[in-house]
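Listing of query34.cif, mmCIF, C-alpha atoms
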data_target
#
loop_
_atom_site.label_atom_id
_atom_site.label_comp_id
_atom_site.auth_asym_id
_atom_site.auth_seq_id
_atom_site.Cartn_x
_atom_site.Cartn_y
_atom_site.Cartn_z
CA MET A 53 -31.25 13.04 -5.05
CA LYS A 54 -28.62 11.24 -3.03
CA PRO A 55 -25.20 10.85 -4.65
CA LEU A 56 -24.56 7.19 -5.35
CA ILE A 57 -21.33 5.75 -4.03
CA SER A 58 -20.34 2.33 -5.28
CA VAL A 59 -18.25 0.40 -2.79
CA VAL A 60 -15.76 -1.89 -4.53
CA ILE A 61 -14.09 -4.42 -2.26
CA ILE A 62 -11.29 -6.64 -3.54
CA GLY A 63 -10.03 -9.76 -1.85
CA ARG A 64 -8.40 -13.14 -1.98
CA ASN A 65 -8.87 -15.74 0.76
CA GLU A 66 -9.81 -13.09 3.31
CA GLY A 67 -12.20 -15.32 5.27
CA GLN A 68 -13.65 -13.66 8.35
CA ARG A 69 -11.79 -10.44 7.54
CA LEU A 70 -14.09 -10.06 4.53
CA GLN A 71 -17.19 -10.55 6.66
CA ARG A 72 -15.95 -7.84 9.01
CA CYS A 73 -15.31 -5.54 6.05
CA LEU A 74 -18.77 -6.08 4.59
CA GLU A 75 -20.38 -5.49 7.97
CA SER A 76 -18.55 -2.17 8.27
CA VAL A 77 -19.77 -1.12 4.81
CA ARG A 78 -23.35 -1.95 5.74
CA ALA A 79 -22.91 0.28 8.81
CA ILE A 80 -21.95 3.34 6.74
CA GLU A 81 -24.03 6.36 7.73
CA THR A 82 -26.38 6.86 4.78
CA ASN A 83 -27.89 10.28 5.40
CA ALA A 84 -26.33 11.66 2.22
CA LEU A 85 -25.71 8.65 0.04
CA ASP A 86 -26.89 5.32 -1.22
CA ALA A 87 -24.33 2.58 -1.60
CA GLU A 88 -24.06 -0.46 -3.82
CA ILE A 89 -21.54 -3.08 -2.79
CA ILE A 90 -19.42 -4.99 -5.29
CA TYR A 91 -16.96 -7.68 -4.25
CA VAL A 92 -14.27 -8.74 -6.75
CA ASP A 93 -12.58 -12.04 -5.92
CA SER A 94 -9.09 -12.93 -7.13
CA GLY A 95 -9.16 -16.70 -7.14
CA SER A 96 -10.00 -17.41 -3.50
CA LYS A 97 -9.89 -21.02 -2.34
CA ASP A 98 -12.04 -20.34 0.73
CA ASN A 99 -15.72 -19.36 0.95
CA SER A 100 -15.16 -15.64 0.29
CA MET A 101 -17.44 -15.45 -2.75
CA HIS A 102 -20.26 -17.35 -1.06
CA LEU A 103 -19.93 -15.15 2.01
CA ALA A 104 -20.01 -11.92 -0.01
CA HIS A 105 -23.07 -13.08 -1.95
CA TRP A 106 -24.82 -14.13 1.26
CA MET A 107 -24.17 -10.67 2.72
CA GLY A 108 -25.78 -8.93 -0.24
CA ALA A 109 -22.83 -7.92 -2.38
CA GLN A 110 -22.67 -8.25 -6.14
CA VAL A 111 -19.88 -10.77 -6.70
CA ILE A 112 -17.43 -10.70 -9.60
CA ALA A 113 -14.92 -13.54 -9.93
CA LEU A 114 -11.79 -12.95 -11.96
CA SER A 115 -11.33 -15.63 -14.57
CA GLU A 116 -8.69 -18.30 -14.11
CA GLY A 117 -5.23 -17.00 -14.81
CA ARG A 118 -3.52 -13.76 -13.87
CA CYS A 119 -4.89 -11.89 -10.85
CA SER A 120 -3.88 -8.58 -9.36
CA ALA A 121 -5.33 -5.80 -7.22
CA ALA A 122 -5.30 -3.45 -10.23
CA LEU A 123 -7.20 -5.92 -12.38
CA ALA A 124 -9.76 -6.54 -9.64
CA ARG A 125 -10.34 -2.83 -9.05
CA ASN A 126 -10.82 -2.22 -12.77
CA HIS A 127 -13.45 -4.95 -12.96
CA GLY A 128 -15.17 -3.47 -9.93
CA TRP A 129 -15.45 0.17 -10.92
CA ARG A 130 -16.40 -0.66 -14.51
CA ALA A 131 -19.34 -2.72 -13.23
CA ALA A 132 -20.37 -0.02 -10.77
CA LYS A 133 -23.05 2.63 -11.26
CA GLY A 134 -21.83 5.26 -8.83
CA GLU A 135 -20.53 8.74 -9.52
CA TRP A 136 -17.94 8.03 -6.83
CA ILE A 137 -16.17 4.72 -6.20
CA LEU A 138 -15.05 3.80 -2.69
CA PHE A 139 -12.26 1.23 -3.05
CA LEU A 140 -11.59 -1.02 -0.07
CA ASP A 141 -9.37 -4.02 0.53
CA GLY A 142 -11.11 -7.04 2.00
CA ASP A 143 -8.91 -6.94 5.10
CA THR A 144 -10.07 -3.47 6.15
CA ILE A 145 -12.90 -1.92 8.16
CA VAL A 146 -14.27 1.40 6.89
CA HIS A 147 -15.18 4.20 9.31
CA PRO A 148 -18.95 4.78 9.08
CA ASN A 149 -18.81 8.51 8.33
CA PHE A 150 -15.76 8.60 6.05
CA PRO A 151 -17.74 8.63 2.76
CA GLU A 152 -19.84 11.65 3.76
CA ARG A 153 -16.85 13.58 5.07
CA ALA A 154 -14.85 12.72 1.95
CA LEU A 155 -17.64 13.92 -0.33
CA ALA A 156 -17.91 17.15 1.67
CA ALA A 157 -14.17 17.78 1.25
CA ALA A 158 -14.08 17.13 -2.52
CA ARG A 159 -13.89 20.19 -4.75
CA ALA A 160 -16.13 19.91 -7.80
CA GLY A 161 -14.18 19.51 -11.02
CA LYS A 162 -10.80 19.33 -9.28
CA THR A 163 -10.75 16.45 -6.82
CA GLY A 164 -10.24 13.03 -8.33
CA VAL A 165 -9.27 11.15 -5.16
CA VAL A 166 -10.08 11.62 -1.48
CA TRP A 167 -8.48 9.47 1.19
CA GLY A 168 -8.18 9.59 4.97
CA HIS A 169 -6.19 7.87 7.67
CA ARG A 170 -5.62 4.13 7.41
CA ARG A 171 -4.24 2.54 10.58
CA GLU A 172 -3.62 -0.96 11.79
CA LEU A 173 -6.38 -2.76 13.67
CA TYR A 174 -3.93 -4.43 16.07
CA PRO A 175 -0.86 -2.16 16.24
CA GLU A 176 0.40 -3.69 19.49
CA ALA A 177 0.18 -7.30 18.24
CA ASN A 178 3.88 -7.60 17.36
CA PHE A 179 6.88 -5.76 15.94
CA TYR A 180 5.57 -5.93 12.38
CA HIS A 181 2.16 -4.45 13.16
CA ARG A 182 3.73 -1.77 15.34
CA VAL A 183 6.11 -0.45 12.68
CA LEU A 184 3.91 -0.88 9.63
CA ASP A 185 1.11 1.00 11.40
CA LEU A 186 3.33 4.09 11.21
CA ASP A 187 3.99 3.47 7.52
CA TRP A 188 0.34 4.45 6.92
CA VAL A 189 0.78 7.86 8.57
CA TYR A 190 0.95 10.80 6.14
CA ALA A 191 0.37 14.49 6.66
CA PRO A 192 -3.05 15.67 5.42
CA GLY A 193 -3.40 17.97 2.41
CA ILE A 194 -2.84 17.71 -1.33
CA SER A 195 -0.72 14.60 -1.89
CA GLU A 196 1.02 12.81 -4.72
CA PHE A 197 -0.64 9.44 -4.23
CA CYS A 198 -3.04 7.38 -2.14
CA GLY A 199 -3.18 3.77 -0.98
CA GLY A 200 -5.60 0.99 -1.84
CA ASP A 201 -8.44 2.48 0.20
CA ALA A 202 -9.75 5.70 -1.33
CA LEU A 203 -12.81 7.45 -2.73
CA MET A 204 -12.35 8.13 -6.45
CA LEU A 205 -14.38 10.07 -8.98
CA ARG A 206 -15.66 7.77 -11.71
CA GLU A 207 -15.22 10.46 -14.37
CA ALA A 208 -11.55 10.75 -13.45
CA LEU A 209 -11.05 6.99 -13.65
CA GLU A 210 -12.65 6.95 -17.09
CA LYS A 211 -10.35 9.70 -18.37
CA VAL A 212 -7.23 7.72 -17.50
CA GLN A 213 -8.76 4.29 -18.26
CA GLY A 214 -8.42 3.12 -14.69
CA PHE A 215 -5.57 1.26 -13.08
CA ASN A 216 -2.63 -0.19 -14.97
CA ASP A 217 -3.51 -3.87 -14.67
CA GLN A 218 -0.03 -4.92 -15.79
CA LEU A 219 1.26 -3.97 -12.33
CA ILE A 220 1.29 -6.46 -9.47
CA ALA A 221 1.96 -3.68 -6.93
CA GLY A 222 2.28 0.10 -6.85
CA GLU A 223 -0.81 0.59 -9.00
CA GLU A 224 -2.25 3.38 -6.83
CA PRO A 225 0.70 5.82 -7.09
CA GLU A 226 0.92 5.15 -10.82
CA LEU A 227 -2.78 5.90 -11.26
CA CYS A 228 -2.51 9.05 -9.15
CA SER A 229 0.38 10.25 -11.29
CA ARG A 230 -1.80 10.03 -14.41
CA LEU A 231 -4.73 11.67 -12.63
CA ARG A 232 -2.58 14.60 -11.54
CA ALA A 233 -1.33 14.96 -15.11
CA LYS A 234 -4.99 15.44 -16.10
CA GLY A 235 -5.40 18.22 -13.54
CA TYR A 236 -7.08 16.25 -10.74
CA GLU A 237 -6.16 16.66 -7.09
CA VAL A 238 -5.38 13.78 -4.76
CA LEU A 239 -6.68 15.01 -1.40
CA HIS A 240 -5.70 13.49 1.94
CA ILE A 241 -8.16 14.58 4.62
CA ASP A 242 -7.55 14.55 8.35
CA VAL A 243 -10.25 12.02 9.27
CA PRO A 244 -10.22 8.28 10.06
CA MET A 245 -10.89 6.18 6.98
CA THR A 246 -10.11 2.50 7.56
CA LYS A 247 -8.60 0.03 9.99
CA HIS A 248 -6.39 -2.60 8.38
CA ASP A 249 -5.67 -6.15 9.51
CA LEU A 250 -2.07 -6.67 8.43
CA ALA A 251 -1.95 -10.30 9.64
CA ILE A 252 1.84 -10.52 9.58
CA ASN A 253 3.20 -12.85 12.25
CA SER A 254 6.56 -13.97 10.86
CA PHE A 255 9.72 -12.56 9.36
CA SER A 256 9.10 -14.43 6.10
CA GLN A 257 5.81 -12.55 5.63
CA TYR A 258 7.54 -9.26 6.40
CA TRP A 259 10.29 -10.12 3.90
CA LYS A 260 7.80 -10.96 1.11
CA ARG A 261 5.87 -7.74 1.67
CA ALA A 262 9.03 -5.64 1.42
CA THR A 263 10.19 -7.65 -1.60
CA ARG A 264 6.91 -6.81 -3.33
CA ALA A 265 7.52 -3.11 -2.62
CA GLY A 266 10.99 -3.32 -4.15
CA TYR A 267 9.60 -5.04 -7.23
CA ALA A 268 7.04 -2.25 -7.62
CA TYR A 269 9.72 0.44 -7.23
CA ALA A 270 11.86 -1.05 -9.97
CA LYS A 271 9.00 -1.78 -12.37
CA LEU A 272 7.46 1.68 -12.10
CA ALA A 273 10.84 3.38 -12.36
CA TRP A 274 11.52 1.43 -15.55
CA GLU A 275 8.10 1.88 -17.14
CA THR A 276 7.91 5.64 -16.45
CA ARG A 277 11.56 6.47 -17.19
CA ASN A 278 10.74 8.29 -20.46
CA THR A 279 7.50 9.93 -19.35
CA ALA A 280 6.90 13.51 -18.28
CA VAL A 281 6.69 12.36 -14.65
CA PRO A 282 9.14 9.51 -14.01
CA MET A 283 8.35 7.65 -10.80
CA TRP A 284 10.46 6.22 -8.00
CA THR A 285 13.79 6.58 -9.81
CA SER A 286 15.34 8.27 -6.78
CA GLU A 287 13.82 5.68 -4.43
CA THR A 288 15.37 2.79 -6.35
CA TRP A 289 18.82 4.35 -6.35
CA ARG A 290 18.52 5.42 -2.71
CA ASN A 291 17.59 1.89 -1.70
CA ALA A 292 20.58 0.41 -3.52
CA LEU A 293 22.92 3.05 -2.04
CA ARG A 294 21.70 2.48 1.52
CA VAL A 295 22.25 -1.27 1.30
CA ALA A 296 25.65 -0.76 -0.34
CA VAL A 297 26.76 1.58 2.46
CA LEU A 298 25.60 -0.79 5.20
CA VAL A 299 27.27 -3.81 3.57
CA SER A 300 30.48 -1.82 2.94
CA ILE A 301 30.67 -0.76 6.58
CA LEU A 302 30.11 -4.34 7.70
CA ILE A 303 32.72 -5.86 5.39
CA GLY A 304 35.19 -3.01 5.86
CA SER A 305 34.97 -3.13 9.65
CA LEU A 306 35.44 -6.88 9.78
CA GLY A 307 38.34 -6.62 7.35
CA ILE A 308 40.09 -3.97 9.45
CA ALA A 309 39.46 -5.94 12.65
CA ILE A 310 41.04 -9.07 11.14
CA LEU A 311 43.92 -7.18 9.52
CA LEU A 312 44.86 -5.19 12.62
CA GLN A 313 43.77 -7.83 15.12
CA LYS A 314 41.73 -5.12 16.88
CA TRP A 315 38.31 -6.63 17.37
CA ALA A 316 36.75 -3.40 18.60
CA PHE A 317 36.42 -2.45 14.92
CA ALA A 318 33.95 -5.33 14.53
CA LEU A 319 31.53 -3.34 16.68
CA LEU A 320 31.51 -0.41 14.25
CA PRO A 321 28.56 -1.74 12.16
CA ILE A 322 26.46 -2.05 15.33
CA VAL A 323 27.34 1.51 16.36
CA VAL A 324 26.57 2.92 12.90
CA PHE A 325 23.30 0.98 12.63
CA SER A 326 22.25 2.16 16.11
CA LEU A 327 22.92 5.79 15.18
CA LEU A 328 20.91 5.38 11.97
CA VAL A 329 18.03 3.86 13.93
CA VAL A 330 17.99 6.78 16.38
CA ARG A 331 18.15 9.28 13.51
CA SER A 332 15.19 7.65 11.77
CA ALA A 333 13.24 7.49 15.04
CA ILE A 334 13.76 11.23 15.58
CA LYS A 335 12.65 12.02 12.03
CA ALA A 336 9.47 9.97 12.56
CA SER A 337 8.70 11.47 15.99
CA TRP A 338 5.77 13.44 14.54
CA LYS A 339 4.04 10.13 13.82
CA SER A 340 4.04 8.79 17.39
CA SER A 341 4.92 9.78 20.94
CA ASN A 342 5.78 6.20 21.95
CA LEU A 343 9.57 5.81 22.24
CA LEU A 344 9.57 2.03 21.81
CA THR A 345 7.42 2.29 18.69
CA LEU A 346 9.71 4.96 17.24
CA LEU A 347 12.86 2.89 17.89
CA CYS A 348 11.22 -0.16 16.32
CA TYR A 349 10.25 2.00 13.37
CA GLY A 350 13.86 3.15 13.05
CA ILE A 351 15.00 -0.49 12.89
CA HIS A 352 12.34 -1.27 10.29
CA SER A 353 13.30 1.75 8.17
CA HIS A 354 16.75 0.28 7.57
CA MET A 355 16.09 -3.45 7.88
CA GLN A 356 13.48 -3.36 5.10
CA GLN A 357 16.03 -1.99 2.63
CA ILE A 358 17.53 -5.45 2.12
CA PRO A 359 14.34 -7.26 0.97
CA ILE A 360 13.38 -4.18 -1.03
CA LEU A 361 16.65 -4.49 -2.94
CA PHE A 362 15.98 -8.21 -3.47
CA GLY A 363 12.62 -7.19 -4.92
CA GLN A 364 14.41 -4.91 -7.36
CA PHE A 365 16.73 -7.74 -8.32
CA SER A 366 13.66 -9.94 -8.92
CA PHE A 367 12.27 -7.41 -11.36
CA TRP A 368 15.51 -7.20 -13.33
CA ALA A 369 15.78 -11.00 -13.37
CA ASP A 370 12.26 -11.16 -14.79
CA MET A 371 13.18 -8.56 -17.41
CA ALA A 372 16.23 -10.58 -18.45
CA THR A 373 14.26 -13.82 -18.76
CA THR A 374 11.02 -12.22 -20.06
CA ARG A 375 9.18 -13.88 -17.21
CA ARG A 376 5.71 -12.59 -16.39
CA ARG A 377 5.45 -12.23 -12.64
CA GLU A 378 2.22 -13.16 -10.86
CA LEU A 379 1.12 -12.05 -7.42
CA ILE A 380 3.68 -11.73 -4.63
CA GLU A 381 1.59 -12.71 -1.61
CA TYR A 382 2.66 -12.38 1.99
CA LYS A 383 -0.43 -13.89 3.65
#

Would you write out, as structure tokens, the structure that this file holds?
Amino acid sequence: MKPLISVVIIGRNEGQRLQRCLESVRAIETNALDAEIIYVDSGSKDNSMHLAHWMGAQVIALSEGRCSAALARNHGWRAAKGEWILFLDGDTIVHPNFPERALAAARAGKTGVVWGHRRELYPEANFYHRVLDLDWVYAPGISEFCGGDALMLREALEKVQGFNDQLIAGEEPELCSRLRAKGYEVLHIDVPMTKHDLAINSFSQYWKRATRAGYAYAKLAWETRNTAVPMWTSETWRNALRVAVLVSILIGSLGIAILLQKWAFALLPIVVFSLLVVRSAIKASWKSSNLLTLLCYGIHSHMQQIPILFGQFSFWADMATTRRRELIEYK
């Protein structure tokens, strides 16, 4: 009997990206599996639900009110029948033989999550696509977490009661932390998994995406601070320290230049930032052989720290005012 994989796709106003995703799912090589397709919609204003239904997917619409990726995924896997759940975002294209190769790599009783390589569909489109394509690159092997696209064992999801639907971002690492605490492995295999359509064409979109990451860092660090496995505490402090150092160098250099009337000191922040960019590019050289891409990635590594810190500030402001944050969307 073929193992049943349930494909759970989540989306919100994905338009033609969703059609492309569904077409890729229908093209999955089915020699070793049957697949049911479930699409969970988070309040789309376009024709996403009609499109998904027309293409043969079971459609679940989240009720009016709060929406999140975690909530959508929980609705999807709980409605599914499969032993394994393949989670996909509506802006991705799945590789046709990933499910079979992921199943073959899973170790019975130990593997709770299998994921492969996610890369950008249009990495050369602009600066944002170029650098964020490298953000998806991780070394294969046993890992601490996965991203939004992954094959997960239903039994494992049931044991930890699925995703934390109180999170608006960072729900996958938090879930993986609880799965690992139950003895499950999170396995990253060296095979292509999905292509992702980032669709970022402006700095404001880039800023919002990084802000969302900072919000997730702070929220998870706070919520897991007293658990056996606290998460992202070091990342939150490192982010704040990096911004503080950069701002201190900028203000200090300008202050010295004005005080001593030696304007060469005003160039110090540029020199320091350039050295940091080169250092980050060298550290990331295993991800790409393209020098321009690596230098852009070095710029991104430090530039993103500012909106990430703003995201942290947003979380603490929400805590102080008891505000319940909804989605932070960048597209």

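Here the question is which of A:Ile360, A:Leu140, A:Leu327, A:Ala132 gets nearest to Arg294 in chain A using only C-alpha atoms, and that residue is A:Ile360.
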
Expand the PyMOL selection byres ((chain A and resi 177-183) around 8) into the individual residues it matches in the shown file, reporting them as a JSON list (two decimals) with C-alpha atoms, keeping the file's coordinate frame.
[["chain", "number", "residue", "atom", "x", "y", "z"],
["A", 172, "GLU", "CA", -3.62, -0.96, 11.79],
["A", 174, "TYR", "CA", -3.93, -4.43, 16.07],
["A", 175, "PRO", "CA", -0.86, -2.16, 16.24],
["A", 176, "GLU", "CA", 0.40, -3.69, 19.49],
["A", 184, "LEU", "CA", 3.91, -0.88, 9.63],
["A", 185, "ASP", "CA", 1.11, 1.00, 11.40],
["A", 186, "LEU", "CA", 3.33, 4.09, 11.21],
["A", 187, "ASP", "CA", 3.99, 3.47, 7.52],
["A", 250, "LEU", "CA", -2.07, -6.67, 8.43],
["A", 251, "ALA", "CA", -1.95, -10.30, 9.64],
["A", 252, "ILE", "CA", 1.84, -10.52, 9.58],
["A", 253, "ASN", "CA", 3.20, -12.85, 12.25],
["A", 258, "TYR", "CA", 7.54, -9.26, 6.40],
["A", 345, "THR", "CA", 7.42, 2.29, 18.69],
["A", 346, "LEU", "CA", 9.71, 4.96, 17.24],
["A", 348, "CYS", "CA", 11.22, -0.16, 16.32],
["A", 349, "TYR", "CA", 10.25, 2.00, 13.37],
["A", 352, "HIS", "CA", 12.34, -1.27, 10.29]]

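Once the PyMOL selection byres ((chain A and resi 207) around 12) is applied to the shown structure, the selection contains A:Trp129, A:Arg130, A:Lys133, A:Gly134, A:Glu135, A:Trp136, A:Ile137, A:Ala160, A:Gly161, A:Lys162, A:Thr163, A:Gly164, A:Val165, A:Met204, A:Leu205, A:Arg206, A:Ala208, A:Leu209, A:Glu210, A:Lys211, A:Val212, A:Gln213, A:Gly214, A:Leu231, A:Lys234, A:Tyr236.
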
Enumerate, as a VMD selection string, the residues matched when the PyMOL selection byres ((chain A and resi 270) around 12) is run on the file above. chain A and resid 219 to 222 263 to 269 271 to 277 282 to 292 360 to 371

I need the residue nearest Val92 in chain A from this list: A:Gly199, A:Gly108, A:Gly193, A:Gly128. Use only C-alpha atoms for the distance.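 Selected residue with least distance to Val92 in chain A: A:Gly128.
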
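Atom to atom, CA of Ile303 in chain A and CA of Val323 in chain A stand 14.3 Å apart.
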
Which distance in Å separates CA of Ala202 in chain A and CA of Lys383 in chain A, to one decimal?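 Here the two named atoms are 22.3 Å from each other.
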
With 10 Å as the threshold, what does the neighbourhood of (-15.0, -7.9, 8.0) contain in terms of residues, counting all atoms listed in the file? Coordinates are those of the file; answer as a VMD selection string. chain A and resid 66 to 77 142 to 146 249

Please list as a list in words every residue within 12 Å of Tyr190 in chain A, counting only C-alpha atoms and excluding residues in the same chain fewer than 3 positions away. Trp167, Gly168, His169, Arg170, Arg171, Asp185, Leu186, Asp187, Gly193, Ile194, Ser195, Glu196, Phe197, Cys198, Gly199, Leu239, His240, Ile241, Asp242, Val243, Ala336, Trp338, Lys339 and Ser340 of chain A

Counting only C-alpha atoms, figure out which residue out of A:Ser100, A:Asn149, A:Asn216, A:Thr374 gets nearest to Arg78 in chain A.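 Looking at the shortest contact to Arg78 in chain A, the residue is A:Asn149.
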
Give me, please, the distance in Å between CA of Leu114 in chain A and CA of Trp259 in chain A, quoted to one decimal.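 For CA of Leu114 in chain A relative to CA of Trp259 in chain A, the distance reads 27.3 Å.
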
When you look at Ser96 in chain A with a cut-off of 8 Å (counting only C-alpha atoms), what residues show up, excluding the ones that are within fewer than 6 positions of it in the same chain? I need them as a PyMOL selection string. chain A and resi 63-65

Produce a file of the selected residues containing C-alpha atoms, as a PDB file, keeping the file's coordinate frame.
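The result, written out as out-v4.pdb:
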ATOM      1  CA  GLY A  63     -10.030  -9.760  -1.850  1.00  0.00           C
ATOM      2  CA  ARG A  64      -8.400 -13.140  -1.980  1.00  0.00           C
ATOM      3  CA  ASN A  65      -8.870 -15.740   0.760  1.00  0.00           C
TER       4      ASN A  65
END

Pick the closest to Val295 in chain A from A:Met355, A:Ala333, A:Ala280, A:Ala372: which is it, counting all atoms listed in the file? A:Met355

Please provide as a PyMOL selection string all residues within 9 Å of Ile112 in chain A, with the sequence filter that same-chain residues fewer than 4 positions apart are discarded (counting only C-alpha atoms). chain A and resi 90-94+101+124+127-128+131

Can you sort out the box for range 245-257 of chain A, edges along x, y and z, all listed atoms in, 5 Å on every side, with centre and edge lengths in Å to one decimal, as lines of an AutoDock Vina configuration file?
center_x = -0.6
center_y = -4.1
center_z = 8.9
size_x = 30.6
size_y = 30.6
size_z = 16.6

I need the residue nearest Gly95 in chain A from this list: A:Ala109, A:Leu56, A:Ala121, A:Cys228. Use only C-alpha atoms for the distance.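 Checking each of A:Ala109, A:Leu56, A:Ala121, A:Cys228 against Gly95 in chain A, counting only C-alpha atoms, the winner is A:Ala121.
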
From the coordinates supplied, range 214-230 of chain A should be written with N, CA and C atoms, as a JSON list (two decimals), in the first residue's frame.
[["chain", "number", "residue", "atom", "x", "y", "z"],
["A", 214, "GLY", "N", 0.98, 20.29, 17.38],
["A", 214, "GLY", "CA", 1.16, 21.16, 16.23],
["A", 214, "GLY", "C", 1.89, 22.45, 16.51],
["A", 215, "PHE", "N", 1.67, 23.40, 15.64],
["A", 215, "PHE", "CA", 2.35, 24.70, 15.72],
["A", 215, "PHE", "C", 1.73, 25.56, 16.83],
["A", 216, "ASN", "N", 2.53, 26.46, 17.34],
["A", 216, "ASN", "CA", 2.04, 27.44, 18.31],
["A", 216, "ASN", "C", 1.35, 28.55, 17.53],
["A", 217, "ASP", "N", 0.02, 28.54, 17.51],
["A", 217, "ASP", "CA", -0.70, 29.49, 16.67],
["A", 217, "ASP", "C", -0.82, 30.88, 17.30],
["A", 218, "GLN", "N", -0.13, 31.11, 18.41],
["A", 218, "GLN", "CA", -0.04, 32.45, 18.97],
["A", 218, "GLN", "C", 1.10, 33.24, 18.35],
["A", 219, "LEU", "N", 1.92, 32.57, 17.54],
["A", 219, "LEU", "CA", 3.08, 33.22, 16.92],
["A", 219, "LEU", "C", 2.70, 33.74, 15.55],
["A", 220, "ILE", "N", 3.17, 34.93, 15.20],
["A", 220, "ILE", "CA", 2.94, 35.46, 13.87],
["A", 220, "ILE", "C", 4.15, 35.23, 12.97],
["A", 221, "ALA", "N", 5.24, 34.72, 13.54],
["A", 221, "ALA", "CA", 6.44, 34.37, 12.79],
["A", 221, "ALA", "C", 7.31, 33.50, 13.69],
["A", 222, "GLY", "N", 8.23, 32.76, 13.10],
["A", 222, "GLY", "CA", 9.13, 31.93, 13.87],
["A", 222, "GLY", "C", 8.50, 30.66, 14.40],
["A", 223, "GLU", "N", 7.34, 30.28, 13.83],
["A", 223, "GLU", "CA", 6.64, 29.11, 14.35],
["A", 223, "GLU", "C", 7.35, 27.79, 14.03],
["A", 224, "GLU", "N", 8.12, 27.75, 12.94],
["A", 224, "GLU", "CA", 8.79, 26.49, 12.59],
["A", 224, "GLU", "C", 9.93, 26.14, 13.55],
["A", 225, "PRO", "N", 10.84, 27.08, 13.85],
["A", 225, "PRO", "CA", 11.88, 26.75, 14.84],
["A", 225, "PRO", "C", 11.31, 26.39, 16.20],
["A", 226, "GLU", "N", 10.24, 27.08, 16.60],
["A", 226, "GLU", "CA", 9.64, 26.78, 17.91],
["A", 226, "GLU", "C", 9.06, 25.37, 17.93],
["A", 227, "LEU", "N", 8.39, 24.98, 16.84],
["A", 227, "LEU", "CA", 7.86, 23.63, 16.73],
["A", 227, "LEU", "C", 8.99, 22.60, 16.76],
["A", 228, "CYS", "N", 10.04, 22.86, 15.99],
["A", 228, "CYS", "CA", 11.16, 21.92, 15.92],
["A", 228, "CYS", "C", 11.83, 21.75, 17.28],
["A", 229, "SER", "N", 11.86, 22.81, 18.06],
["A", 229, "SER", "CA", 12.43, 22.72, 19.40],
["A", 229, "SER", "C", 11.65, 21.73, 20.26],
["A", 230, "ARG", "N", 10.32, 21.80, 20.17],
["A", 230, "ARG", "CA", 9.48, 20.87, 20.94],
["A", 230, "ARG", "C", 9.57, 19.45, 20.40]]
